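First up is the structure itself, then whatever we jot down about it.
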Amino acid sequence: SPADIRRVAVLGATGSIGTSALDVIARHPQRMRATVLAAGGRVDALLQLCVAHRPEHAVIADPALYPRLRDGLREAGLDTRAHAGDEALQALAAGPDCDTVVAAIVGAAGLGSTLAAARAGKRLLLANKESLVLAGELVMAAVREAGAEIVPIDSEHSAVFQCLRSCRDTGVRRIVLTASGGPFRGRSHASLAEVTPAQAVAHPKWSMGPKISVDSATLMNKGLEVIEAHHLFGLPGSRIDVLVHPQSLVHALVEYVDGSTLAQLGLPDMRTALAVGLGWPERIESGVAGLDLLSQGRLEFEAPDMDAFPCLGLARGAMEAGGTAPAVLNAANEEAVSAFLQGRVGFLAIPALVEDALAALPAAPATSLEALLQADADARRVTRQMIEHRSPGGAPATPPQDARH
Ligand code: NAD
Ligand code: MG
């Protein structure tokens, strides 16, 4: 009956995760439909999605684009109501027109709607890992207090979530998150000085948005994921390991005290994790083919190179420091990645800027959202200043002489 239909808000609908989520939703018209679609600035892409999925509400983050959205919906003959801005987004994420929220906005910009959905007790399909890095304790407390249900979408965390459901969550010795190693696996630190944004976003295994692609190339993504796993599964950093696995077929492993290790495997396609979240506790079709291990041939594993990729260690350090440190790490990284993508700083400036921001803004205790948002704002200001001083005339920081490979 219509009352049983899952009503899904897809936040970040025009992005890589958002379009994958809509692909899965469209395969199950009897079980679920997209009732709210939200995007940042790509209003024409959002309008196209509205034509295809006929949601009840469409939200564009940038208020200047509201007239274009409203008029475009009307011209297309749709009943979809237009909204703009973060307040409208949070109200819809918490409101009665959805029971499930796919949180797939990129960066700290996703925190407000993630928190709103958690506080409203929704089923929260969380892809936006930055909100857990920035305010993990607050998000998880809101989930507990409101009785919300969080299903991780990040592939590694979906894998852990699936493995943990084999029995009660007791007796976990450690979890292991796998990393593809990104496009620069096997390279030395110095040889990365002159890599370009185009090389950095060309991920060998996953097709993703530009920010997370750069994070995968620096291994900051895995650092953010260690912090994410700490909040989702309640384990200290010392029991969350990282293993490089170039084939990206084993997504994570859970080791138990009895010596048993469970792993989740699958092709690198985010629709599997999205189908787990959308269908849970039932398994539903995702459009992803099964895994043919015979044709894959080989599964390899190696330790991450902590010298070539300092971001993983920086993230672990920020997690241990606690308080405002993860918020500073995340904000400095967002600013540094954005400057790198714009060609304003080199690739190695990303870990250097994050390290300098963490040194400039020592960890302070933070229990309130205001304190964390202040740390986020301070880190962005400090990092932007350092970017300007680093690159007079917009040139990347001078690479070492032996930088060419
Ligand atoms: P993307 O860049 O492809 O898409 C980002 C989406 O967020 C777009 O729809 C954009 O319009 C929207 N957006 C940006 N700023 C916004 C704002 N201020 N308000 C509202 N909407 C805004 O990114 P993606 O690769 O889909 O990643 C989204 C999130 O999922 C990230 O947190 C990422 O770390 C996480 N994630 C992605 C993947 C993947 O395979 N792509 C895997 C794991 C986790
Ligand atoms: Mg991941």
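Just so we're on the same page: first chain in the structure tokens is A, next is B, and so on; residues restart at 1 for each chain, and ligands are numbered from 1 in the order they show up.
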Please provide as a VMD selection string all residues within 12 Å of Leu134 in chain A, with the sequence filter that same-chain residues fewer than 3 positions apart are discarded (counting only C-alpha atoms).
-> chain A and resid 107 to 112 114 to 115 128 to 131 137 to 140 224 227 to 228 231 315 318 to 319 322 to 334 366 to 377 379
Would you kindly return, as JSON, numbers by chain, each protein, DNA or RNA residue with an atom no farther than 10 Å from any atom of range 253-255 of chain A, considering only C-alpha atoms and excluding same-chain residues fewer than 3 positions away?
-> {"A": [156, 157, 159, 160, 161, 162, 163, 164, 171, 172, 173, 174, 175, 176, 177, 178, 239, 240, 241, 242, 243, 250, 258, 259, 260, 261, 262, 263, 264, 265]}
Do you know which residues are within 12 Å of ligand 2 using only C-alpha atoms and all ligand atoms? Can you write them as an NGL selection string?
-> :A and (17 or 126-130 or 152-160 or 177-182 or 205-208 or 212-213 or 215-216 or 219-229 or 242 or 248 or 250-252 or 268-270 or 273)
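Considering the residues A:Glu56, A:Glu87, A:Asp4, A:Asp99 and counting only C-alpha atoms and all ligand atoms, ligand 1 has its shortest atom-to-atom contact with A:Glu87.
Checking A:Pro304, A:Pro197, A:Gly72, A:Gly209 one by one against ligand 1, counting only C-alpha atoms and all ligand atoms, you find the shortest gap at A:Gly209.
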Please, which residues of range 73-311 of chain A, numbered as in this document, come out helix (DSSP H, G or I) from DSSP, as a ChimeraX atom specification?
-> /A:73-75,86-94,108-119,129-146,155-164,190-192,197-201,210-218,220-233,237-239,271-279,293-296,311
